[in-house]
>>> print(open('coords_20.tsv').read())   # TSV, C-alpha atoms
chain	number	residue	atom	x	y	z
S	270	MET	CA	-27.69	-26.82	36.98
S	271	LEU	CA	-25.00	-29.43	36.37
S	272	THR	CA	-26.04	-32.61	34.58
S	273	GLN	CA	-25.66	-35.98	36.24
S	274	ARG	CA	-22.79	-36.72	33.84
S	275	GLN	CA	-20.98	-33.56	34.97
S	276	LEU	CA	-21.58	-34.40	38.63
S	277	PHE	CA	-20.29	-37.93	37.98
S	278	LEU	CA	-17.05	-36.59	36.55
S	279	GLU	CA	-16.68	-34.01	39.33
S	280	HIS	CA	-17.52	-36.06	42.41
S	281	ILE	CA	-17.10	-39.76	41.60
S	282	ALA	CA	-13.44	-40.75	41.88
S	283	GLN	CA	-12.26	-41.83	38.44
S	284	THR	CA	-10.04	-44.82	37.72
S	285	SER	CA	-9.41	-44.00	34.07
S	286	GLU	CA	-9.29	-40.86	31.95
S	287	MET	CA	-12.00	-42.19	29.65
S	288	PRO	CA	-14.77	-44.04	31.55
S	289	MET	CA	-17.40	-45.75	29.42
S	290	GLY	CA	-19.92	-43.23	30.71
S	291	LEU	CA	-23.18	-45.02	29.91
S	292	GLU	CA	-25.97	-43.53	32.02
S	293	ILE	CA	-28.18	-46.50	32.85
S	294	GLU	CA	-31.67	-46.02	34.22
S	295	LYS	CA	-32.88	-49.63	34.40
S	296	ALA	CA	-31.57	-53.18	34.05
S	297	GLU	CA	-33.62	-56.31	33.50
S	298	GLY	CA	-32.51	-59.78	32.43
S	299	VAL	CA	-29.73	-59.39	29.83
S	300	TYR	CA	-30.58	-55.78	28.96
S	301	LEU	CA	-29.54	-52.36	30.25
S	302	THR	CA	-31.61	-49.29	29.35
S	303	ASP	CA	-30.12	-45.79	29.35
S	304	ILE	CA	-31.80	-42.47	30.20
S	305	ASN	CA	-32.80	-42.01	26.55
S	306	GLY	CA	-34.56	-45.38	26.39
S	307	LYS	CA	-31.85	-47.09	24.33
S	308	ARG	CA	-31.45	-50.78	25.19
S	309	TYR	CA	-28.12	-52.56	25.34
S	310	LEU	CA	-27.58	-56.31	25.36
S	311	ASP	CA	-25.09	-56.95	28.19
S	312	LEU	CA	-22.34	-59.36	27.12
S	313	ILE	CA	-20.12	-58.78	30.17
S	314	SER	CA	-22.53	-59.15	33.13
S	315	GLY	CA	-20.84	-56.40	35.11
S	316	ILE	CA	-17.64	-58.50	34.72
S	317	SER	CA	-19.11	-61.95	35.42
S	318	VAL	CA	-21.41	-60.76	38.22
S	319	SER	CA	-24.97	-60.99	36.91
S	320	ASN	CA	-24.90	-64.72	36.13
S	321	VAL	CA	-28.66	-65.07	36.65
S	322	GLY	CA	-29.37	-61.82	34.82
S	323	HIS	CA	-30.10	-58.36	36.15
S	324	ARG	CA	-32.77	-58.18	38.84
S	325	HIS	CA	-33.83	-61.80	38.64
S	326	PRO	CA	-37.30	-61.85	40.27
S	327	LYS	CA	-36.38	-64.58	42.75
S	328	VAL	CA	-33.26	-62.69	43.84
S	329	VAL	CA	-35.28	-59.49	44.27
S	330	GLU	CA	-37.88	-61.45	46.26
S	331	GLY	CA	-35.16	-62.91	48.52
S	332	ILE	CA	-33.77	-59.43	49.17
S	333	LYS	CA	-37.20	-57.96	49.96
S	334	ASN	CA	-38.08	-60.81	52.31
S	335	GLN	CA	-34.87	-60.33	54.26
S	336	LEU	CA	-35.32	-56.55	54.42
S	337	ASP	CA	-38.57	-57.15	56.29
S	338	LYS	CA	-36.70	-59.14	58.97
S	339	TYR	CA	-33.34	-57.46	59.66
S	340	MET	CA	-30.25	-56.00	58.07
S	341	HIS	CA	-26.91	-55.59	59.85
S	342	LEU	CA	-26.99	-56.87	63.43
S	343	MET	CA	-23.43	-57.45	64.66
S	344	VAL	CA	-19.88	-57.92	63.42
S	345	TYR	CA	-19.09	-61.21	61.73
S	346	GLY	CA	-19.52	-64.51	63.50
S	347	GLU	CA	-21.12	-63.40	66.78
S	348	TYR	CA	-24.82	-63.96	66.07
S	349	ILE	CA	-26.52	-66.91	64.40
S	350	GLN	CA	-28.10	-65.39	61.30
S	351	SER	CA	-30.36	-67.56	59.21
S	352	PRO	CA	-29.31	-66.29	55.71
S	353	GLN	CA	-25.65	-67.04	56.50
S	354	VAL	CA	-26.40	-70.49	57.88
S	355	LEU	CA	-28.71	-71.52	55.03
S	356	LEU	CA	-26.30	-70.28	52.37
S	357	ALA	CA	-23.23	-71.92	53.92
S	358	THR	CA	-25.12	-75.18	54.36
S	359	LEU	CA	-26.31	-75.29	50.74
S	360	LEU	CA	-22.89	-74.31	49.41
S	361	THR	CA	-21.06	-77.00	51.32
S	362	THR	CA	-23.52	-79.71	50.26
S	363	LEU	CA	-22.56	-78.86	46.66
S	364	LEU	CA	-18.81	-78.96	47.33
S	365	PRO	CA	-16.37	-81.80	48.11
S	366	LYS	CA	-16.35	-82.82	51.77
S	367	GLU	CA	-12.94	-81.15	52.27
S	368	LEU	CA	-14.60	-77.76	51.72
S	369	SER	CA	-16.96	-77.64	54.67
S	370	SER	CA	-16.38	-74.30	56.41
S	371	VAL	CA	-17.34	-70.95	54.88
S	372	TYR	CA	-16.09	-67.47	55.76
S	373	PHE	CA	-18.20	-64.77	54.08
S	374	THR	CA	-16.62	-61.52	52.90
S	375	ASN	CA	-17.77	-58.41	51.03
S	376	SER	CA	-15.80	-58.95	47.82
S	377	GLY	CA	-13.39	-61.13	45.89
S	378	SER	CA	-10.33	-59.14	46.96
S	379	GLU	CA	-11.32	-59.67	50.59
S	380	ALA	CA	-11.76	-63.39	49.98
S	381	ILE	CA	-8.19	-63.52	48.64
S	382	GLU	CA	-6.88	-61.52	51.59
S	383	GLY	CA	-8.58	-63.93	53.98
S	384	ALA	CA	-7.21	-66.95	52.14
S	385	MET	CA	-3.68	-65.55	52.28
S	386	LYS	CA	-3.91	-64.98	56.02
S	387	LEU	CA	-5.45	-68.40	56.58
S	388	ALA	CA	-2.68	-70.17	54.65
S	389	LYS	CA	0.05	-68.35	56.57
S	390	ARG	CA	-1.63	-68.99	59.90
S	391	TYR	CA	-2.28	-72.69	59.28
S	392	THR	CA	1.11	-73.58	57.78
S	393	GLY	CA	3.30	-71.23	59.80
S	394	ARG	CA	5.03	-70.32	56.53
S	395	THR	CA	5.31	-66.99	54.72
S	396	GLU	CA	5.99	-67.59	51.02
S	397	ILE	CA	3.07	-67.18	48.61
S	398	ILE	CA	3.33	-68.25	44.98
S	399	SER	CA	1.03	-67.00	42.24
S	400	PHE	CA	1.14	-66.85	38.45
S	401	LYS	CA	2.20	-64.42	35.76
S	402	ASN	CA	-0.79	-62.55	34.27
S	403	ALA	CA	-2.94	-63.49	37.28
S	404	TYR	CA	-5.52	-61.06	38.65
S	405	HIS	CA	-6.69	-61.53	42.25
S	406	GLY	CA	-7.96	-58.08	43.20
S	407	SER	CA	-6.71	-54.59	43.90
S	408	THR	CA	-6.19	-54.35	47.66
S	409	HIS	CA	-2.61	-54.21	48.88
S	410	GLY	CA	-2.22	-57.92	49.64
S	411	SER	CA	-3.98	-59.16	46.52
S	412	LEU	CA	-2.00	-56.64	44.46
S	413	SER	CA	1.19	-58.20	45.83
S	414	ILE	CA	0.37	-61.50	44.13
S	415	MET	CA	-0.94	-59.95	40.90
S	416	GLY	CA	0.92	-61.25	37.87
S	417	ASN	CA	1.34	-57.94	36.04
S	418	GLU	CA	4.21	-55.63	36.95
S	419	GLU	CA	2.77	-52.54	35.22
S	420	PHE	CA	-0.16	-52.50	37.66
S	421	LYS	CA	2.06	-53.13	40.71
S	422	ASN	CA	5.09	-50.90	40.32
S	423	ALA	CA	3.48	-47.63	41.45
S	424	TYR	CA	2.55	-49.16	44.82
S	425	ARG	CA	5.76	-50.80	45.97
S	426	PRO	CA	6.91	-51.92	48.45
S	427	LEU	CA	4.29	-54.65	48.51
S	428	LEU	CA	4.16	-57.88	50.55
S	429	PRO	CA	7.53	-59.59	50.83
S	430	ASP	CA	8.10	-63.29	50.16
S	431	THR	CA	5.91	-63.55	47.08
S	432	ARG	CA	6.92	-65.30	43.88
S	433	LEU	CA	5.48	-65.51	40.36
S	434	ILE	CA	5.67	-68.63	38.20
S	435	ARG	CA	4.33	-69.37	34.72
S	436	PHE	CA	0.79	-70.63	34.17
S	437	ASN	CA	0.66	-73.98	32.33
S	438	ASN	CA	4.39	-74.57	32.92
S	439	ILE	CA	5.01	-77.92	34.61
S	440	GLN	CA	8.71	-77.16	35.17
S	441	ASP	CA	7.94	-74.06	37.25
S	442	ILE	CA	5.91	-76.15	39.69
S	443	ASN	CA	9.24	-77.32	41.15
S	444	GLN	CA	9.71	-73.85	42.63
S	445	ILE	CA	7.07	-74.81	45.23
S	446	THR	CA	8.94	-75.97	48.35
S	447	GLU	CA	8.48	-76.71	52.05
S	448	LEU	CA	8.77	-72.95	52.60
S	449	THR	CA	5.66	-72.18	50.54
S	450	ALA	CA	2.51	-71.43	52.55
S	451	CYS	CA	0.20	-71.50	49.56
S	452	VAL	CA	-0.09	-71.37	45.80
S	453	ILE	CA	-2.91	-69.15	44.56
S	454	ILE	CA	-4.22	-69.83	41.07
S	455	GLU	CA	-7.17	-68.78	38.95
S	456	THR	CA	-8.68	-72.04	37.74
S	457	ILE	CA	-9.04	-70.27	34.39
S	458	GLN	CA	-6.99	-67.09	34.02
S	459	GLY	CA	-9.59	-64.38	33.56
S	460	GLU	CA	-7.90	-61.07	32.83
S	461	ALA	CA	-5.16	-62.80	30.82
S	462	GLY	CA	-7.90	-63.51	28.26
S	463	ALA	CA	-9.76	-66.60	29.54
S	464	ILE	CA	-6.69	-68.87	29.44
S	465	VAL	CA	-7.57	-72.51	30.13
S	466	PRO	CA	-5.09	-74.79	31.93
S	467	GLU	CA	-3.59	-77.59	29.89
S	468	ILE	CA	-4.61	-81.18	30.61
S	469	ASN	CA	-3.23	-82.40	33.95
S	470	PHE	CA	-1.56	-79.07	34.84
S	471	LEU	CA	-3.81	-78.49	37.85
S	472	LYS	CA	-3.56	-82.13	38.93
S	473	GLN	CA	0.24	-81.90	38.82
S	474	LEU	CA	0.10	-78.63	40.73
S	475	LYS	CA	-2.05	-80.24	43.42
S	476	LYS	CA	0.35	-83.22	43.59
S	477	ARG	CA	3.32	-80.90	44.17
S	478	CYS	CA	1.43	-79.01	46.87
S	479	LEU	CA	0.68	-82.29	48.66
S	480	GLU	CA	4.35	-83.26	48.47
S	481	THR	CA	5.48	-80.01	50.10
S	482	GLY	CA	2.62	-79.48	52.57
S	483	THR	CA	1.56	-76.36	50.65
S	484	LEU	CA	-2.07	-75.24	50.52
S	485	LEU	CA	-3.58	-74.83	47.05
S	486	VAL	CA	-5.94	-71.86	46.77
S	487	ALA	CA	-8.32	-71.76	43.79
S	488	ASP	CA	-9.50	-68.30	42.81
S	489	GLU	CA	-12.96	-68.94	41.33
S	490	ILE	CA	-14.09	-65.34	41.74
S	491	GLN	CA	-14.77	-64.95	38.02
S	492	THR	CA	-15.34	-68.59	37.06
S	493	GLY	CA	-17.67	-69.73	39.84
S	494	PHE	CA	-21.45	-70.09	39.95
S	495	GLY	CA	-21.97	-71.77	36.61
S	496	ARG	CA	-20.06	-69.52	34.25
S	497	THR	CA	-17.98	-72.33	32.76
S	498	GLY	CA	-20.74	-74.95	32.54
S	499	LYS	CA	-19.98	-76.41	35.97
S	500	LEU	CA	-21.00	-74.87	39.29
S	501	PHE	CA	-17.28	-74.36	39.93
S	502	ALA	CA	-14.56	-74.53	37.28
S	503	PHE	CA	-12.28	-76.83	39.29
S	504	GLU	CA	-14.83	-79.57	38.59
S	505	HIS	CA	-13.59	-79.61	34.97
S	506	PHE	CA	-10.04	-80.48	36.01
S	507	ASP	CA	-10.27	-83.32	38.54
S	508	PHE	CA	-8.68	-81.67	41.57
S	509	VAL	CA	-9.92	-80.20	44.84
S	510	PRO	CA	-8.37	-77.01	46.25
S	511	ASP	CA	-7.55	-76.61	49.94
S	512	ILE	CA	-9.12	-73.15	49.93
S	513	LEU	CA	-11.74	-71.92	47.45
S	514	CYS	CA	-12.32	-68.19	46.85
S	515	LEU	CA	-15.64	-66.94	45.48
S	516	ALA	CA	-17.43	-63.65	44.73
S	517	LYS	CA	-18.79	-61.86	41.61
S	518	GLY	CA	-21.60	-64.17	40.35
S	519	MET	CA	-22.26	-65.32	43.90
S	520	GLY	CA	-24.66	-62.53	44.88
S	521	GLY	CA	-26.94	-62.07	41.89
S	522	GLY	CA	-25.82	-58.43	41.77
S	523	MET	CA	-25.28	-57.89	45.50
S	524	PRO	CA	-21.77	-57.58	47.03
S	525	ILE	CA	-20.61	-60.81	48.63
S	526	GLY	CA	-17.59	-63.12	48.56
S	527	ALA	CA	-16.29	-66.09	50.50
S	528	PHE	CA	-13.28	-68.25	51.18
S	529	ILE	CA	-14.03	-71.87	51.97
S	530	SER	CA	-11.83	-74.57	53.48
S	531	SER	CA	-11.94	-77.51	55.85
S	532	GLY	CA	-13.05	-77.10	59.43
S	533	GLU	CA	-9.55	-78.01	60.60
S	534	ILE	CA	-7.80	-75.37	58.51
S	535	MET	CA	-10.40	-72.68	59.22
S	536	HIS	CA	-10.21	-73.35	62.98
S	537	SER	CA	-6.72	-71.86	63.01
S	538	LEU	CA	-8.28	-68.37	62.78
S	539	THR	CA	-9.92	-68.83	66.21
S	540	ASN	CA	-6.76	-68.72	68.33
S	541	ASN	CA	-3.26	-67.24	68.60
S	542	PRO	CA	-4.67	-64.65	68.12
S	543	VAL	CA	-8.37	-64.91	68.79
S	544	LEU	CA	-10.39	-63.19	66.05
S	545	GLY	CA	-7.69	-64.10	63.54
S	546	HIS	CA	-9.77	-62.59	60.75
S	547	ILE	CA	-12.64	-60.17	61.32
S	548	THR	CA	-15.03	-58.11	59.20
S	549	THR	CA	-17.95	-55.85	60.04
S	550	PHE	CA	-20.15	-56.34	56.99
S	551	GLY	CA	-18.95	-59.70	55.64
S	552	GLY	CA	-21.87	-62.09	55.39
S	553	HIS	CA	-24.41	-59.25	55.42
S	554	PRO	CA	-27.81	-60.93	55.79
S	555	VAL	CA	-29.36	-59.18	52.78
S	556	CYS	CA	-26.42	-60.15	50.57
S	557	CYS	CA	-26.55	-63.73	51.87
S	558	ALA	CA	-30.29	-63.88	51.12
S	559	ALA	CA	-29.57	-62.68	47.57
S	560	SER	CA	-26.81	-65.25	47.19
S	561	LEU	CA	-29.02	-68.06	48.49
S	562	ALA	CA	-31.71	-67.11	45.96
S	563	THR	CA	-29.09	-66.92	43.19
S	564	LEU	CA	-27.75	-70.38	43.97
S	565	ARG	CA	-31.26	-71.83	44.01
S	566	VAL	CA	-32.04	-70.22	40.65
S	567	LEU	CA	-28.90	-71.75	39.13
S	568	LEU	CA	-29.88	-75.18	40.41
S	569	GLU	CA	-33.63	-75.07	39.79
S	570	GLU	CA	-33.71	-73.37	36.37
S	571	ASN	CA	-31.02	-75.62	34.85
S	572	LEU	CA	-28.99	-72.63	33.72
S	573	ILE	CA	-25.66	-74.38	34.18
S	574	GLU	CA	-26.69	-77.31	32.00
S	575	GLN	CA	-27.42	-74.90	29.13
S	576	VAL	CA	-23.99	-73.21	29.15
S	577	GLU	CA	-22.17	-75.71	26.93
S	578	LYS	CA	-24.78	-75.42	24.18
S	579	LYS	CA	-24.70	-71.61	24.36
S	580	GLU	CA	-20.90	-71.64	24.18
S	581	SER	CA	-21.09	-73.81	21.06
S	582	LEU	CA	-23.51	-71.35	19.46
S	583	PHE	CA	-21.17	-68.40	20.11
S	584	ARG	CA	-18.25	-70.37	18.62
S	585	LYS	CA	-20.33	-71.38	15.59
S	586	LEU	CA	-21.54	-67.85	14.82
S	587	LEU	CA	-18.45	-65.80	15.64
S	588	ILE	CA	-16.45	-66.60	12.53
S	589	HIS	CA	-14.51	-63.87	10.76
S	590	PRO	CA	-10.99	-63.63	9.30
S	591	LYS	CA	-10.09	-60.89	11.80
S	592	ILE	CA	-10.85	-63.20	14.78
S	593	LYS	CA	-7.53	-64.96	15.35
S	594	SER	CA	-8.83	-67.34	18.04
S	595	ILE	CA	-11.60	-67.90	20.57
S	596	ASN	CA	-10.36	-68.87	24.03
S	597	GLY	CA	-12.10	-69.87	27.24
S	598	ILE	CA	-14.77	-72.26	28.48
S	599	GLY	CA	-18.53	-71.91	28.74
S	600	LEU	CA	-19.69	-68.30	28.86
S	601	LEU	CA	-16.26	-66.92	29.70
S	602	LEU	CA	-14.84	-66.45	26.22
S	603	SER	CA	-12.35	-64.12	24.56
S	604	LEU	CA	-12.13	-63.15	20.90
S	605	GLU	CA	-8.52	-62.45	19.95
S	606	PHE	CA	-7.82	-59.70	17.40
S	607	GLU	CA	-4.62	-58.38	15.84
S	608	ASN	CA	-4.04	-55.56	18.33
S	609	TYR	CA	-5.67	-53.28	20.90
S	610	GLU	CA	-6.55	-50.58	18.37
S	611	GLN	CA	-8.51	-52.99	16.21
S	612	ASN	CA	-10.24	-54.54	19.23
S	613	LYS	CA	-11.13	-51.16	20.75
S	614	SER	CA	-12.65	-49.88	17.50
S	615	ILE	CA	-14.82	-53.00	17.24
S	616	ILE	CA	-15.89	-52.74	20.88
S	617	ASP	CA	-16.83	-49.06	20.42
S	618	ARG	CA	-18.95	-49.92	17.37
S	619	CYS	CA	-20.65	-52.77	19.25
S	620	ILE	CA	-21.65	-50.41	22.06
S	621	LEU	CA	-22.98	-47.87	19.56
S	622	ASN	CA	-25.05	-50.68	18.07
S	623	GLY	CA	-26.45	-51.82	21.41
S	624	VAL	CA	-24.10	-54.64	22.48
S	625	ILE	CA	-21.91	-54.04	25.52
S	626	THR	CA	-18.55	-55.77	25.62
S	627	ASP	CA	-14.99	-54.79	26.58
S	628	TRP	CA	-11.41	-56.06	26.68
S	629	PHE	CA	-9.37	-57.93	29.27
S	630	LEU	CA	-7.11	-56.14	31.75
S	631	PHE	CA	-3.93	-57.99	30.76
S	632	ASN	CA	-4.95	-58.87	27.20
S	633	SER	CA	-6.16	-55.72	25.51
S	634	ASN	CA	-6.31	-57.23	22.03
S	635	SER	CA	-9.05	-59.68	23.11
S	636	MET	CA	-12.78	-59.00	23.46
S	637	ARG	CA	-14.71	-60.29	26.47
S	638	ILE	CA	-17.81	-62.44	25.95
S	639	ALA	CA	-19.37	-63.19	29.35
S	640	PRO	CA	-23.14	-62.64	29.23
S	641	PRO	CA	-25.66	-63.61	31.89
S	642	LEU	CA	-26.27	-67.36	31.78
S	643	THR	CA	-29.93	-66.53	31.12
S	644	ILE	CA	-29.16	-65.27	27.61
S	645	THR	CA	-31.34	-67.04	25.03
S	646	GLU	CA	-30.20	-68.59	21.76
S	647	LYS	CA	-32.08	-65.87	19.87
S	648	GLU	CA	-30.22	-63.18	21.84
S	649	ILE	CA	-26.91	-64.92	21.15
S	650	GLU	CA	-27.70	-64.92	17.43
S	651	MET	CA	-28.57	-61.21	17.57
S	652	ALA	CA	-25.40	-60.35	19.50
S	653	CYS	CA	-23.17	-62.34	17.15
S	654	ASP	CA	-24.76	-60.72	14.12
S	655	ILE	CA	-24.00	-57.26	15.52
S	656	ILE	CA	-20.44	-58.22	16.49
S	657	THR	CA	-19.61	-59.64	13.07
S	658	LYS	CA	-21.08	-56.58	11.33
S	659	CYS	CA	-19.01	-54.32	13.59
S	660	ILE	CA	-15.88	-56.35	12.79
S	661	ALA	CA	-16.61	-55.96	9.07
>>> encode(input="coords_20.tsv", output="C-alpha cells")
Amino acid sequence: MLTQRQLFLEHIAQTSEMPMGLEIEKAEGVYLTDINGKRYLDLISGISVSNVGHRHPKVVEGIKNQLDKYMHLMVYGEYIQSPQVLLATLLTTLLPKELSSVYFTNSGSEAIEGAMKLAKRYTGRTEIISFKNAYHGSTHGSLSIMGNEEFKNAYRPLLPDTRLIRFNNIQDINQITELTACVIIETIQGEAGAIVPEINFLKQLKKRCLETGTLLVADEIQTGFGRTGKLFAFEHFDFVPDILCLAKGMGGGMPIGAFISSGEIMHSLTNNPVLGHITTFGGHPVCCAASLATLRVLLEENLIEQVEKKESLFRKLLIHPKIKSINGIGLLLSLEFENYEQNKSIIDRCILNGVITDWFLFNSNSMRIAPPLTITEKEIEMACDIITKCIA
C-alpha cells in the first residue's frame, strides 16, 4: 500500500519540485505536531494566516455554532445572513467612515480582483499602477500587477494597461495621471522582505491620487488583523485608502477575504451591468462566523497591544554577525543573510530543530518571522535560541 507521502506526491498537484513535505497530524496554538509526535514551533503562521493561533477555542466554537444553523444557502448578496452582517458591521465600526461597505470573497487574490474591477467601473478608466516587487496574488488579473517579471513571463499576455513604479520613490508618483483608475500598494511590501514605506511616502501617494481622481487601493492581505501592532497597517502611516483588501489572518484559519470601500464607490457594481461582481461562496457563513470570532479574540484578548513588545524581544535576541539586518514592523519581520544558500541552510536546520520558518518569494536571502500573535515571550526566547544556534 502506498504511504500518504507517496499519494501526496502522486495526486496532489505540486507547485515546486521540493515541497517542504511535513506531515502534520495536529495543530494547536503556536505548535504543529507531525505523525511521529514531533512538535514544531510555527514562526510563519501558514504565511500570516493563523494570527490568533491554530484552532483558537473561540474560533472553533464560532464555527461549530454556525454549523448547527446553516452552511451555504445562496450565491452572494441575495439572502440576509447573520454572520455576514455581524462581521461587516463590526469591521466597519473599526475602520474610518470612508470604508463602510464590505464585499466578502474567498481569498486575497479574489479581493484584489474585485478591487481592480471596482476601480475600473467607478472611474471609467483602465490604467492600473502597482509597484516593483509587489505580490498581490496568483490569479490572472492579480498576476498582471505583480512586481516580479520572472513569475509573470510564462503567462503572458496578461492584462493590458498596467504599469509598475518603484516603492518608496517619490519621483515615480508623478507617473499617476488622470488616466489611472487605481494605484494598488501593499502597505508594507510582504514578499519583497517586509519592506516598510519611508516617512510620508504613503501620504504623498494619497495626495497624488486625490489630485488625479485616482483610487488608492491598500493591499493589507498579509499585514491586516493585528500583525503589525495595529489592527490595519495603514493606521501607522496617517492615510486612508479608497479601497482596502483583506484576507489571510482574517479567518482564524478559514478561507475568507474582503474588499472594502465607501457605499458610493461600491454601489457602482449594482448597475451597468447589474451583478457587476458575483461569487458563489464569497462570504460563506461558516467562514464569516470564524472571522467574527477571530476579530473578537484580537480585540478582547489584547493581542494587538502586545505585538510591539514581542517585536522588540525578537530584535533584542536575534543578534548574530551573519544577520545583516532585520526589516519589518510588529510580527512581520525578515532576517537578511548574505545569500539564498546561507539562508536556506539555516532554515533547514531550524526545521530539523523544531522551528518552522521560510524565505520570502522575492527576497530569498531573507528569513520570514511571522508567528501567531499569541506566541509567548518564553516561546520567543526558545525560538530565538534555536535560530541563533542554527546560524552558528
>>> closest_atom_pairs(input="coords_20.tsv", of="segment 330-446 of chain S", to="segment 627-637 of chain S", cutoff="12 Å", atoms="only C-alpha atoms", output="CSV")
residue,atom,partner,partner_atom,distance
S:Lys401,CA,S:Phe631,CA,10.2
S:Asn402,CA,S:Phe631,CA,6.6
S:Ala403,CA,S:Phe631,CA,8.6
S:Tyr404,CA,S:Phe631,CA,8.6
S:His405,CA,S:Leu630,CA,11.8
S:Gly406,CA,S:Leu630,CA,11.6
S:Met415,CA,S:Phe631,CA,10.8
S:Gly416,CA,S:Phe631,CA,9.2
S:Asn417,CA,S:Phe631,CA,7.5
S:Glu418,CA,S:Phe631,CA,10.5
S:Glu419,CA,S:Phe631,CA,9.7
S:Phe420,CA,S:Phe631,CA,9.6
>>> closest_residue(input="coords_20.tsv", among="S:Asp511, S:Glu447, S:Glu504, S:Glu297", to="Ala388 of chain S", atoms="all atoms listed in the file")
S:Asp511
>>> atom_distance(input="coords_20.tsv", atom1="atom CA of Arg390 of chain S", atom2="atom CA of Asp430 of chain S")
14.9 Å
>>> closest_residue(input="coords_20.tsv", among="S:Leu485, S:Ser317, S:Lys333, S:Gly383", to="Ile398 of chain S", atoms="all atoms listed in the file")
S:Leu485
>>> atom_distance(input="coords_20.tsv", atom1="atom CA of Ala380 of chain S", atom2="atom CA of Gly526 of chain S")
6.0 Å
>>> closest_residue(input="coords_20.tsv", among="S:Tyr424, S:His589, S:Gly462, S:Gly599", to="His505 of chain S", atoms="only C-alpha atoms")
S:Gly599
>>> atom_distance(input="coords_20.tsv", atom1="atom CA of Pro524 of chain S", atom2="atom CA of Ser285 of chain S")
22.5 Å
>>> closest_residue(input="coords_20.tsv", among="S:Val344, S:Val452, S:Ile397, S:Leu368", to="Phe528 of chain S", atoms="all atoms listed in the file")
S:Leu368
>>> residues_around(input="coords_20.tsv", residues="Gly377 of chain S", least_positions_apart="2", cutoff="9 Å", atoms="only C-alpha atoms", output="PyMOL selection string")
chain S and resi 374-375+379-382+405-406+488+490-491+514-517+525-528
>>> closest_residue(input="coords_20.tsv", among="S:Ile453, S:Leu278, S:Leu471, S:Leu363", to="Thr483 of chain S", atoms="all atoms listed in the file")
S:Ile453
>>> residues_near_point(input="coords_20.tsv", point="(5.0, -75.0, 55.9)", cutoff="10 Å", atoms="all atoms listed in the file", output="list of chain:residue names")
S:Ala388, S:Lys389, S:Arg390, S:Tyr391, S:Thr392, S:Gly393, S:Arg394, S:Thr395, S:Glu396, S:Thr446, S:Glu447, S:Leu448, S:Thr449, S:Ala450, S:Cys451, S:Thr481, S:Gly482, S:Thr483, S:Leu484
>>> closest_residue(input="coords_20.tsv", among="S:Ser314, S:Gln283, S:Gly518, S:Lys476", to="Cys556 of chain S", atoms="all atoms listed in the file")
S:Gly518
>>> residues_around(input="coords_20.tsv", residues="Pro352 of chain S", least_positions_apart="5", cutoff="8 Å", atoms="only C-alpha atoms", output="ChimeraX atom specification")
/S:554-555,557-558,561
>>> residues_around(input="coords_20.tsv", residues="Val465 of chain S", least_positions_apart="6", cutoff="10 Å", atoms="all atoms listed in the file", output="number ranges by chain")
S: 436-437, 455-459, 596-598
>>> residues_near_point(input="coords_20.tsv", point="(-7.0, -59.5, 16.8)", cutoff="12 Å", atoms="all atoms listed in the file", output="compact mmCIF listing (two decimals) with C-alpha atoms, keeping the file's coordinate frame")
# COMPACT_ATOMS: atom_id res chain seq x y z
CA HIS S 589 -14.51 -63.87 10.76
CA PRO S 590 -10.99 -63.63 9.30
CA LYS S 591 -10.09 -60.89 11.80
CA ILE S 592 -10.85 -63.20 14.78
CA LYS S 593 -7.53 -64.96 15.35
CA SER S 594 -8.83 -67.34 18.04
CA ILE S 595 -11.60 -67.90 20.57
CA SER S 603 -12.35 -64.12 24.56
CA LEU S 604 -12.13 -63.15 20.90
CA GLU S 605 -8.52 -62.45 19.95
CA PHE S 606 -7.82 -59.70 17.40
CA GLU S 607 -4.62 -58.38 15.84
CA ASN S 608 -4.04 -55.56 18.33
CA TYR S 609 -5.67 -53.28 20.90
CA GLU S 610 -6.55 -50.58 18.37
CA GLN S 611 -8.51 -52.99 16.21
CA ASN S 612 -10.24 -54.54 19.23
CA LYS S 613 -11.13 -51.16 20.75
CA SER S 614 -12.65 -49.88 17.50
CA ILE S 615 -14.82 -53.00 17.24
CA ILE S 616 -15.89 -52.74 20.88
CA TRP S 628 -11.41 -56.06 26.68
CA ASN S 632 -4.95 -58.87 27.20
CA SER S 633 -6.16 -55.72 25.51
CA ASN S 634 -6.31 -57.23 22.03
CA SER S 635 -9.05 -59.68 23.11
CA MET S 636 -12.78 -59.00 23.46
CA ILE S 660 -15.88 -56.35 12.79
